[in-house]
>>> print(open('start14.cif').read())   # mmCIF, C-alpha atoms and all ligand atoms
data_model
#
loop_
_atom_site.label_atom_id
_atom_site.label_comp_id
_atom_site.auth_asym_id
_atom_site.auth_seq_id
_atom_site.Cartn_x
_atom_site.Cartn_y
_atom_site.Cartn_z
CA MET A 1313 0.00 0.00 0.00
CA LEU A 1314 2.58 2.53 -1.16
CA LEU A 1315 0.03 5.28 -1.84
CA GLU A 1316 -2.33 4.85 1.09
CA GLY A 1317 -4.12 8.09 1.93
CA LYS A 1318 -2.96 9.85 -1.24
CA THR A 1319 -5.00 11.34 -4.04
CA VAL A 1320 -3.68 10.82 -7.57
CA LEU A 1321 -4.91 12.65 -10.69
CA ILE A 1322 -4.15 11.20 -14.13
CA THR A 1323 -4.83 12.56 -17.62
CA GLY A 1324 -5.82 10.26 -20.47
CA ALA A 1325 -6.91 7.54 -18.06
CA SER A 1326 -9.44 5.74 -20.26
CA ARG A 1327 -7.01 3.16 -21.65
CA GLY A 1328 -3.39 2.10 -22.09
CA ILE A 1329 -0.72 3.41 -19.72
CA GLY A 1330 -3.09 5.93 -18.10
CA ARG A 1331 -5.63 3.26 -17.22
CA ALA A 1332 -3.00 0.81 -15.93
CA THR A 1333 -1.51 3.61 -13.82
CA ALA A 1334 -4.90 4.55 -12.36
CA ILE A 1335 -5.58 0.93 -11.44
CA GLU A 1336 -2.15 0.35 -9.90
CA CYS A 1337 -2.41 3.57 -7.88
CA ALA A 1338 -5.81 2.43 -6.57
CA ARG A 1339 -4.39 -1.00 -5.77
CA GLN A 1340 -1.70 0.80 -3.76
CA GLY A 1341 -4.35 2.57 -1.70
CA ALA A 1342 -4.90 5.87 -3.56
CA ASP A 1343 -8.14 7.56 -4.53
CA VAL A 1344 -7.97 8.69 -8.14
CA GLY A 1345 -9.21 11.51 -10.34
CA LEU A 1346 -9.39 10.62 -14.02
CA ASN A 1347 -9.34 12.91 -17.03
CA TRP A 1348 -10.65 11.43 -20.29
CA PHE A 1349 -11.64 12.55 -23.78
CA ARG A 1350 -13.93 10.95 -26.38
CA ASP A 1351 -13.76 7.46 -24.85
CA ARG A 1352 -16.78 6.96 -22.59
CA GLU A 1353 -16.58 3.18 -22.85
CA GLY A 1354 -12.91 3.14 -21.87
CA ILE A 1355 -13.31 5.38 -18.84
CA ASP A 1356 -16.29 3.33 -17.65
CA GLU A 1357 -14.12 0.22 -17.71
CA THR A 1358 -11.39 2.01 -15.75
CA LEU A 1359 -13.95 3.23 -13.19
CA ALA A 1360 -15.44 -0.25 -12.81
CA GLU A 1361 -12.02 -1.77 -12.16
CA ILE A 1362 -11.25 0.82 -9.48
CA ALA A 1363 -14.62 0.31 -7.83
CA ARG A 1364 -13.77 -3.41 -7.60
CA LEU A 1365 -10.63 -2.42 -5.68
CA GLY A 1366 -12.75 -0.46 -3.22
CA ARG A 1367 -11.19 2.95 -3.91
CA ARG A 1368 -12.87 6.22 -4.80
CA ALA A 1369 -12.60 7.46 -8.38
CA ILE A 1370 -14.01 10.48 -10.09
CA GLU A 1371 -13.95 11.24 -13.81
CA VAL A 1372 -13.84 14.61 -15.54
CA GLU A 1373 -14.11 14.83 -19.30
CA GLY A 1374 -11.87 17.31 -21.09
CA ASP A 1375 -9.52 17.78 -24.03
CA VAL A 1376 -6.11 18.43 -22.47
CA ALA A 1377 -5.23 20.62 -25.47
CA ARG A 1378 -7.69 23.22 -24.19
CA PRO A 1379 -6.12 25.30 -21.42
CA GLU A 1380 -9.43 25.59 -19.54
CA SER A 1381 -9.61 21.78 -19.18
CA ALA A 1382 -6.71 21.91 -16.73
CA GLU A 1383 -8.24 24.18 -14.12
CA ARG A 1384 -11.58 22.37 -14.48
CA PHE A 1385 -10.03 18.94 -13.93
CA VAL A 1386 -7.86 19.89 -10.98
CA THR A 1387 -10.59 21.91 -9.27
CA ALA A 1388 -13.33 19.30 -9.74
CA ALA A 1389 -11.24 16.27 -8.87
CA GLY A 1390 -9.44 18.05 -6.04
CA ALA A 1391 -12.74 19.17 -4.47
CA ALA A 1392 -14.37 15.75 -4.82
CA LEU A 1393 -11.41 13.83 -3.41
CA GLY A 1394 -10.24 16.37 -0.83
CA GLY A 1395 -6.93 17.41 -2.43
CA VAL A 1396 -4.25 16.51 -4.96
CA ASP A 1397 -1.06 14.78 -3.82
CA VAL A 1398 0.15 13.32 -7.12
CA PHE A 1399 -0.43 14.42 -10.68
CA VAL A 1400 0.39 12.21 -13.68
CA SER A 1401 0.44 13.93 -17.08
CA ASN A 1402 -0.10 11.01 -19.42
CA ALA A 1403 -2.53 11.91 -22.21
CA GLY A 1404 -0.84 11.78 -25.59
CA ILE A 1405 -1.17 11.00 -29.28
CA CYS A 1406 1.27 9.78 -31.92
CA PRO A 1407 -0.16 9.96 -35.42
CA PHE A 1408 2.74 8.37 -37.31
CA HIS A 1409 3.53 10.39 -40.46
CA ALA A 1410 6.44 10.96 -42.84
CA PHE A 1411 8.24 14.23 -42.06
CA LEU A 1412 8.33 15.90 -45.47
CA ASP A 1413 4.58 16.01 -45.97
CA THR A 1414 3.20 16.08 -42.44
CA PRO A 1415 0.03 18.20 -42.58
CA LEU A 1416 0.14 21.34 -40.46
CA GLU A 1417 -2.92 20.18 -38.48
CA VAL A 1418 -1.16 16.93 -37.47
CA PHE A 1419 1.87 18.85 -36.22
CA GLU A 1420 -0.21 21.44 -34.37
CA ARG A 1421 -2.56 18.92 -32.77
CA THR A 1422 0.32 16.72 -31.58
CA MET A 1423 2.03 19.73 -30.01
CA ALA A 1424 -1.22 20.98 -28.48
CA VAL A 1425 -2.15 17.65 -26.86
CA ASN A 1426 1.24 16.31 -25.84
CA LEU A 1427 3.19 19.42 -24.90
CA HIS A 1428 0.80 22.33 -24.36
CA GLY A 1429 -1.67 20.02 -22.63
CA ALA A 1430 1.02 18.72 -20.28
CA TYR A 1431 2.13 22.28 -19.51
CA HIS A 1432 -1.34 23.58 -18.62
CA MET A 1433 -2.25 20.49 -16.60
CA THR A 1434 1.04 20.52 -14.71
CA GLN A 1435 0.72 24.22 -13.92
CA ALA A 1436 -2.84 23.82 -12.62
CA ALA A 1437 -1.84 20.87 -10.43
CA ALA A 1438 1.24 22.67 -9.10
CA ARG A 1439 -0.80 25.73 -8.16
CA ARG A 1440 -3.20 23.55 -6.21
CA MET A 1441 -0.34 21.71 -4.46
CA LYS A 1442 1.34 24.99 -3.49
CA HIS A 1443 -1.95 26.27 -2.11
CA GLN A 1444 -2.43 23.05 -0.08
CA GLY A 1445 1.05 23.49 1.38
CA THR A 1446 1.76 19.78 1.82
CA GLY A 1447 4.10 19.14 -1.12
CA GLY A 1448 3.37 16.64 -3.83
CA ALA A 1449 4.64 14.74 -6.84
CA LEU A 1450 4.31 15.57 -10.52
CA ILE A 1451 5.10 12.85 -13.04
CA ALA A 1452 5.12 13.28 -16.81
CA ILE A 1453 4.88 10.34 -19.16
CA SER A 1454 7.68 11.27 -21.54
CA SER A 1455 9.26 8.58 -23.74
CA ILE A 1456 12.41 6.89 -24.93
CA SER A 1457 11.59 9.18 -27.88
CA ALA A 1458 12.78 12.13 -25.80
CA LEU A 1459 16.28 10.71 -26.32
CA VAL A 1460 16.20 9.14 -29.80
CA GLY A 1461 14.45 9.97 -33.05
CA GLY A 1462 11.85 8.34 -35.25
CA GLY A 1463 11.56 8.99 -38.98
CA MET A 1464 7.77 8.99 -38.79
CA GLN A 1465 7.68 10.90 -35.51
CA ALA A 1466 9.33 14.29 -36.11
CA HIS A 1467 6.21 16.06 -34.85
CA TYR A 1468 6.03 13.73 -31.80
CA THR A 1469 9.55 13.26 -30.43
CA PRO A 1470 10.02 16.98 -29.65
CA THR A 1471 6.88 16.85 -27.49
CA LYS A 1472 8.35 14.02 -25.46
CA ALA A 1473 11.69 15.82 -25.05
CA GLY A 1474 9.58 18.84 -24.11
CA VAL A 1475 7.70 17.22 -21.25
CA HIS A 1476 10.95 15.81 -19.89
CA SER A 1477 12.42 19.32 -19.96
CA LEU A 1478 9.23 20.65 -18.36
CA MET A 1479 9.75 18.32 -15.39
CA GLN A 1480 13.39 19.41 -15.05
CA SER A 1481 12.43 23.10 -14.89
CA CYS A 1482 9.49 22.39 -12.60
CA ALA A 1483 11.78 20.47 -10.24
CA ILE A 1484 13.68 23.71 -9.71
CA ALA A 1485 10.66 25.99 -9.61
CA LEU A 1486 8.67 23.77 -7.24
CA GLY A 1487 11.37 22.22 -5.03
CA PRO A 1488 10.91 25.00 -2.44
CA TYR A 1489 7.29 23.86 -2.00
CA GLY A 1490 8.24 20.22 -1.53
CA ILE A 1491 6.85 19.28 -4.92
CA ARG A 1492 8.93 16.63 -6.72
CA CYS A 1493 8.89 16.51 -10.53
CA ASN A 1494 10.06 13.55 -12.57
CA SER A 1495 9.49 11.92 -15.92
CA VAL A 1496 9.03 8.32 -16.97
CA MET A 1497 10.31 7.28 -20.37
CA PRO A 1498 8.53 4.19 -21.66
CA GLY A 1499 10.09 2.29 -24.56
CA ALA A 1500 7.82 0.29 -26.87
CA ILE A 1501 4.68 -0.56 -24.91
CA ALA A 1502 1.89 -2.38 -26.76
CA THR A 1503 -1.17 -0.09 -26.62
CA ASP A 1504 -3.65 1.45 -29.05
CA ILE A 1505 -1.21 4.28 -29.82
CA ASN A 1506 1.08 1.94 -31.79
CA ARG A 1507 -1.29 -0.90 -32.65
CA GLU A 1508 -1.17 -0.10 -36.37
CA ASP A 1509 2.58 0.58 -36.39
CA LEU A 1510 3.33 -2.75 -34.70
CA ALA A 1511 0.79 -4.64 -36.81
CA ASP A 1512 3.56 -4.95 -39.39
CA PRO A 1513 5.12 -8.30 -38.37
CA ALA A 1514 8.58 -7.25 -39.57
CA LYS A 1515 8.51 -4.04 -37.51
CA ARG A 1516 7.27 -5.89 -34.44
CA ALA A 1517 9.91 -8.61 -34.75
CA TYR A 1518 12.61 -5.95 -35.20
CA MET A 1519 11.50 -4.15 -32.03
CA GLU A 1520 11.34 -7.35 -30.02
CA LYS A 1521 14.81 -8.33 -31.20
CA ARG A 1522 16.22 -4.99 -30.05
CA ILE A 1523 14.80 -5.33 -26.53
CA PRO A 1524 17.22 -7.23 -24.24
CA LEU A 1525 14.34 -8.42 -22.03
CA GLY A 1526 12.89 -9.99 -25.18
CA ARG A 1527 9.37 -8.60 -25.27
CA LEU A 1528 7.38 -5.44 -25.85
CA GLY A 1529 6.27 -3.66 -22.70
CA GLU A 1530 2.82 -3.77 -21.18
CA PRO A 1531 1.07 -0.75 -19.66
CA GLU A 1532 1.43 -2.35 -16.21
CA ASP A 1533 5.23 -2.30 -16.60
CA VAL A 1534 5.09 1.49 -16.72
CA ALA A 1535 2.53 1.84 -13.92
CA GLY A 1536 4.87 0.30 -11.35
CA CYS A 1537 7.50 2.94 -12.02
CA VAL A 1538 4.95 5.74 -11.75
CA VAL A 1539 3.82 4.39 -8.38
CA PHE A 1540 7.42 4.37 -7.13
CA LEU A 1541 7.98 8.00 -8.18
CA ALA A 1542 4.63 9.00 -6.66
CA SER A 1543 5.40 7.29 -3.35
CA ASP A 1544 7.42 8.41 -0.36
CA LEU A 1545 10.05 5.80 -1.32
CA ALA A 1546 11.12 8.39 -3.90
CA ARG A 1547 11.11 11.28 -1.42
CA TYR A 1548 14.58 12.53 -2.47
CA VAL A 1549 14.08 11.98 -6.22
CA THR A 1550 13.31 15.07 -8.26
CA GLY A 1551 14.34 16.29 -11.72
CA ALA A 1552 15.02 12.69 -12.70
CA SER A 1553 13.85 10.50 -15.54
CA VAL A 1554 13.48 6.74 -15.58
CA LEU A 1555 13.57 4.64 -18.72
CA VAL A 1556 11.08 1.77 -18.65
CA ASP A 1557 12.04 0.07 -21.88
CA GLY A 1558 13.33 -3.47 -21.22
CA GLY A 1559 16.79 -2.20 -22.18
CA LEU A 1560 15.83 -0.95 -25.66
CA PHE A 1561 17.70 2.35 -25.38
CA VAL A 1562 21.11 0.95 -24.47
CA ASN A 1563 21.09 -1.82 -27.07
CA LEU A 1564 23.52 -0.61 -29.69
CA GLN A 1565 25.33 -3.84 -30.56
P1 LIG B 1 -3.25 5.06 -25.70
O1 LIG B 1 -3.66 5.54 -27.04
O2 LIG B 1 -3.62 3.67 -25.29
O3 LIG B 1 -3.78 6.04 -24.57
C1 LIG B 1 -3.76 7.43 -24.72
C2 LIG B 1 -4.77 8.03 -23.75
O4 LIG B 1 -4.77 9.46 -23.88
C3 LIG B 1 -6.20 7.55 -24.07
O5 LIG B 1 -6.90 7.34 -22.87
C4 LIG B 1 -6.77 8.73 -24.84
O6 LIG B 1 -8.18 8.82 -24.78
C5 LIG B 1 -6.09 9.89 -24.10
N1 LIG B 1 -6.11 11.13 -24.88
C6 LIG B 1 -5.73 11.31 -26.18
N2 LIG B 1 -5.92 12.59 -26.54
C7 LIG B 1 -6.42 13.22 -25.45
C8 LIG B 1 -6.83 14.56 -25.19
N3 LIG B 1 -6.74 15.49 -26.15
N4 LIG B 1 -7.30 14.87 -23.96
C9 LIG B 1 -7.39 13.94 -22.99
N5 LIG B 1 -7.04 12.65 -23.19
C10 LIG B 1 -6.56 12.30 -24.39
O7 LIG B 1 -1.67 5.24 -25.65
P2 LIG B 1 -0.60 4.99 -24.50
O8 LIG B 1 0.48 4.21 -25.09
O9 LIG B 1 -1.24 4.52 -23.24
O10 LIG B 1 -0.05 6.48 -24.31
C11 LIG B 1 -0.04 7.17 -23.07
C12 LIG B 1 1.19 8.07 -23.01
O11 LIG B 1 2.35 7.25 -23.02
C13 LIG B 1 1.33 9.04 -24.18
O12 LIG B 1 1.71 10.30 -23.69
C14 LIG B 1 2.46 8.43 -25.02
O13 LIG B 1 3.19 9.41 -25.72
C15 LIG B 1 3.29 7.78 -23.93
N6 LIG B 1 4.17 6.74 -24.43
C16 LIG B 1 3.68 5.60 -24.97
C17 LIG B 1 4.56 4.63 -25.41
C18 LIG B 1 4.10 3.34 -26.04
O14 LIG B 1 4.94 2.65 -26.62
N7 LIG B 1 2.83 2.98 -25.95
C19 LIG B 1 5.94 4.83 -25.30
C20 LIG B 1 6.38 6.01 -24.74
C21 LIG B 1 5.50 6.95 -24.29
C1 LIG B 2 6.75 6.06 -28.02
C2 LIG B 2 7.85 5.34 -28.75
C3 LIG B 2 7.31 4.04 -29.22
C4 LIG B 2 6.06 4.28 -30.05
C5 LIG B 2 5.09 5.11 -29.29
C6 LIG B 2 3.87 5.46 -30.11
O1 LIG B 2 7.12 7.27 -27.47
O2 LIG B 2 8.30 6.12 -29.84
O3 LIG B 2 8.27 3.34 -29.96
O4 LIG B 2 5.48 3.04 -30.35
O5 LIG B 2 5.67 6.28 -28.87
#
>>> encode(input="start14.cif", output="structure tokens", more="lines below")
Ligand code: NAD
Ligand code: RM4
Amino acid sequence: MLLEGKTVLITGASRGIGRATAIECARQGADVGLNWFRDREGIDETLAEIARLGRRAIEVEGDVARPESAERFVTAAGAALGGVDVFVSNAGICPFHAFLDTPLEVFERTMAVNLHGAYHMTQAAARRMKHQGTGGALIAISSISALVGGGMQAHYTPTKAGVHSLMQSCAIALGPYGIRCNSVMPGAIATDINREDLADPAKRAYMEKRIPLGRLGEPEDVAGCVVFLASDLARYVTGASVLVDGGLFVNLQ
């Protein structure tokens, strides 16, 4: 019960890494506030799973790309659950596209959801934590793609480097309030975001071959690391990033 008595807010919690994180936080004793967008069925499944664990959960719909969603989410979830101790900025998209003809809308939407959304959400959560005066933990779901490129991801990888950088700056800005800020960098985790990309058997086999632990990741693999960073076990960890990639990043030869 690493998160007993804590309240955790998570964006993009209707499926994938966000859902697995919400469930693991609840299993570790937290009550959870869940942001979601255009996925009623998914958020209902997440809520049902948390109810089975006997924890409180509240959901707030909102597009993270809209700045007003941030204040709404933090205020509503914070009021319903009695505060915000941990905030996980997870919502993200990755519409794979070749660089030279990426439509402007694809670039702008990816930036708006992944980077601007993370910024507004993080700022709203940090303001609330400062006001509460009891510290807190901010965690951004960055990516291995913050460190290495992707030929079909030139509009995406800068957003992941961006949220990592956001956590580094926030660690400095918010340290005086006892608010820790870290990022998690997942490698290749099988979720809806890359279902099509990994449907190509050759691409999938190539990825698996590059991963020393021999398999793609599962959302639950990432959730465990988020729980650690959210918990008091990580009380002296801030401004850090943790790769959760089965060794993919270090595998050069
Ligand atoms: P996913 O597609 O399964 O889940 C994404 C979640 O974000 C969904 O719940 C979706 O509804 C939500 N979302 C999308 N746009 C939103 C918006 N505008 N407002 C609110 N919610 C929105 O994908 P995932 O793999 O679970 O991705 C979660 C995060 O993990 C993303 O930030 C992604 O960049 C990051 N990540 C994923 C991988 C991977 O291999 N799957 C690797 C590294 C990082
Ligand atoms: C990640 C990383 C993965 C990719 C997902 C969509 O950040 O680049 O390889 O599958 O994004």
>>> residues_near_ligand(input="start14.cif", ligand="ligand LIG 2 (chain B)", cutoff="9 Å", atoms="all atoms listed in the file", output="MDAnalysis selection string")
chainID A and resid 1405:1408 1454:1458 1460:1462 1465 1468:1469 1472 1497:1507 1509:1510 1519
>>> atom_distance(input="start14.cif", atom1="CA of Pro1379 (chain A)", atom2="CA of Ala1437 (chain A)")
12.6 Å
>>> residues_around(input="start14.cif", residues="Ala1436 (chain A)", least_positions_apart="6", cutoff="10 Å", atoms="only C-alpha atoms", output="short mmCIF file (atom, residue, chain, number, x, y, z; two decimals) with C-alpha atoms, keeping the file's coordinate frame")
data_model
loop_
_atom_site.label_atom_id
_atom_site.label_comp_id
_atom_site.auth_asym_id
_atom_site.auth_seq_id
_atom_site.Cartn_x
_atom_site.Cartn_y
_atom_site.Cartn_z
CA PRO A 1379 -6.12 25.30 -21.42
CA GLU A 1380 -9.43 25.59 -19.54
CA SER A 1381 -9.61 21.78 -19.18
CA ALA A 1382 -6.71 21.91 -16.73
CA GLU A 1383 -8.24 24.18 -14.12
CA ARG A 1384 -11.58 22.37 -14.48
CA PHE A 1385 -10.03 18.94 -13.93
CA VAL A 1386 -7.86 19.89 -10.98
CA THR A 1387 -10.59 21.91 -9.27
CA PHE A 1399 -0.43 14.42 -10.68
CA ALA A 1430 1.02 18.72 -20.28
#
>>> closest_residue(input="start14.cif", among="A:Gly1559, A:Gly1490, A:Gly1404, A:Gly1536", to="ligand LIG 1 (chain B)", atoms="only C-alpha atoms and all ligand atoms")
A:Gly1404
>>> closest_residue(input="start14.cif", among="A:Ile1370, A:Leu1393, A:Val1534, A:Ala1517", to="ligand LIG 1 (chain B)", atoms="only C-alpha atoms and all ligand atoms")
A:Val1534
>>> atom_distance(input="start14.cif", atom1="CA of Val1539 (chain A)", atom2="CA of Lys1521 (chain A)")
28.3 Å
>>> closest_residue(input="start14.cif", among="A:Ile1355, A:Val1475, A:Leu1555, A:Leu1416", to="Thr1434 (chain A)", atoms="only C-alpha atoms")
A:Val1475
>>> closest_residue(input="start14.cif", among="A:Ala1485, A:Val1425, A:Ala1438, A:Asp1413", to="Met1464 (chain A)", atoms="only C-alpha atoms")
A:Asp1413
>>> atom_distance(input="start14.cif", atom1="CA of Arg1367 (chain A)", atom2="CA of Ile1335 (chain A)")
9.6 Å
>>> residues_around(input="start14.cif", residues="Ala1332 (chain A)", least_positions_apart="3", cutoff="6 Å", atoms="all atoms listed in the file", output="list in words")
Ile1329, Ile1335, Pro1531, Glu1532 and Ala1535 of chain A
>>> closest_residue(input="start14.cif", among="A:Gln1435, A:Thr1358, A:Gln1565, A:Ser1481", to="ligand LIG 1 (chain B)", atoms="only C-alpha atoms and all ligand atoms")
A:Thr1358
>>> closest_residue(input="start14.cif", among="A:Leu1545, A:Met1433, A:Ala1511, A:Ile1484", to="Val1400 (chain A)", atoms="only C-alpha atoms")
A:Met1433
>>> residues_around(input="start14.cif", residues="Ala1449 (chain A)", least_positions_apart="6", cutoff="12 Å", atoms="all atoms listed in the file", output="JSON, numbers by chain")
{"A": [1315, 1318, 1319, 1320, 1321, 1322, 1396, 1397, 1398, 1399, 1400, 1401, 1434, 1437, 1438, 1440, 1441, 1442, 1479, 1482, 1483, 1486, 1487, 1489, 1490, 1491, 1492, 1493, 1494, 1495, 1538, 1539, 1540, 1541, 1542, 1543, 1544, 1545, 1546, 1547, 1548, 1549, 1550, 1551]}
>>> residues_around(input="start14.cif", residues="Asn1402 (chain A)", least_positions_apart="4", cutoff="10 Å", atoms="all atoms listed in the file", output="list in words")
Ile1322, Thr1323, Gly1324, Ala1325, Gly1328, Ile1329, Gly1330, Arg1331, Thr1333, Asn1347, Asn1426, Gly1429, Ala1430, Ile1451, Ala1452, Ile1453, Ser1454 and Val1496 of chain A
>>> build_atoms(input="start14.cif", residues="region 1447-1466 of chain A", atoms="N, CA and C atoms", output="short mmCIF file (atom, residue, chain, number, x, y, z; two decimals), in the frame of the given file")
data_model
loop_
_atom_site.label_atom_id
_atom_site.label_comp_id
_atom_site.auth_asym_id
_atom_site.auth_seq_id
_atom_site.Cartn_x
_atom_site.Cartn_y
_atom_site.Cartn_z
N GLY A 1447 3.21 19.78 -0.13
CA GLY A 1447 4.10 19.14 -1.12
C GLY A 1447 3.33 18.35 -2.14
N GLY A 1448 4.05 17.46 -2.83
CA GLY A 1448 3.37 16.64 -3.83
C GLY A 1448 4.35 16.05 -4.82
N ALA A 1449 3.81 15.35 -5.79
CA ALA A 1449 4.64 14.74 -6.84
C ALA A 1449 3.98 14.94 -8.20
N LEU A 1450 4.77 15.45 -9.14
CA LEU A 1450 4.31 15.57 -10.52
C LEU A 1450 5.11 14.57 -11.34
N ILE A 1451 4.42 13.84 -12.20
CA ILE A 1451 5.10 12.85 -13.04
C ILE A 1451 4.59 13.01 -14.47
N ALA A 1452 5.52 13.19 -15.40
CA ALA A 1452 5.12 13.28 -16.81
C ALA A 1452 5.47 11.98 -17.51
N ILE A 1453 4.55 11.49 -18.32
CA ILE A 1453 4.88 10.34 -19.16
C ILE A 1453 5.55 10.89 -20.42
N SER A 1454 6.87 10.85 -20.40
CA SER A 1454 7.68 11.27 -21.54
C SER A 1454 7.84 10.04 -22.43
N SER A 1455 9.06 9.73 -22.86
CA SER A 1455 9.26 8.58 -23.74
C SER A 1455 10.75 8.37 -23.98
N ILE A 1456 11.09 7.15 -24.37
CA ILE A 1456 12.41 6.89 -24.93
C ILE A 1456 12.64 7.85 -26.11
N SER A 1457 11.53 8.27 -26.73
CA SER A 1457 11.59 9.18 -27.88
C SER A 1457 12.00 10.61 -27.49
N ALA A 1458 12.18 10.86 -26.21
CA ALA A 1458 12.78 12.13 -25.80
C ALA A 1458 14.28 12.10 -26.07
N LEU A 1459 14.82 10.88 -26.21
CA LEU A 1459 16.28 10.71 -26.32
C LEU A 1459 16.74 10.28 -27.70
N VAL A 1460 15.85 9.64 -28.46
CA VAL A 1460 16.20 9.14 -29.80
C VAL A 1460 15.08 9.49 -30.78
N GLY A 1461 15.42 9.53 -32.05
CA GLY A 1461 14.45 9.97 -33.05
C GLY A 1461 13.63 8.85 -33.65
N GLY A 1462 12.68 9.27 -34.48
CA GLY A 1462 11.85 8.34 -35.25
C GLY A 1462 11.49 9.02 -36.56
N GLY A 1463 11.76 8.37 -37.67
CA GLY A 1463 11.56 8.99 -38.98
C GLY A 1463 10.12 9.38 -39.27
N MET A 1464 9.20 8.70 -38.60
CA MET A 1464 7.77 8.99 -38.79
C MET A 1464 7.20 9.75 -37.59
N GLN A 1465 8.12 10.29 -36.78
CA GLN A 1465 7.68 10.90 -35.51
C GLN A 1465 8.27 12.28 -35.26
N ALA A 1466 8.64 13.01 -36.33
CA ALA A 1466 9.33 14.29 -36.11
C ALA A 1466 8.44 15.35 -35.45
#
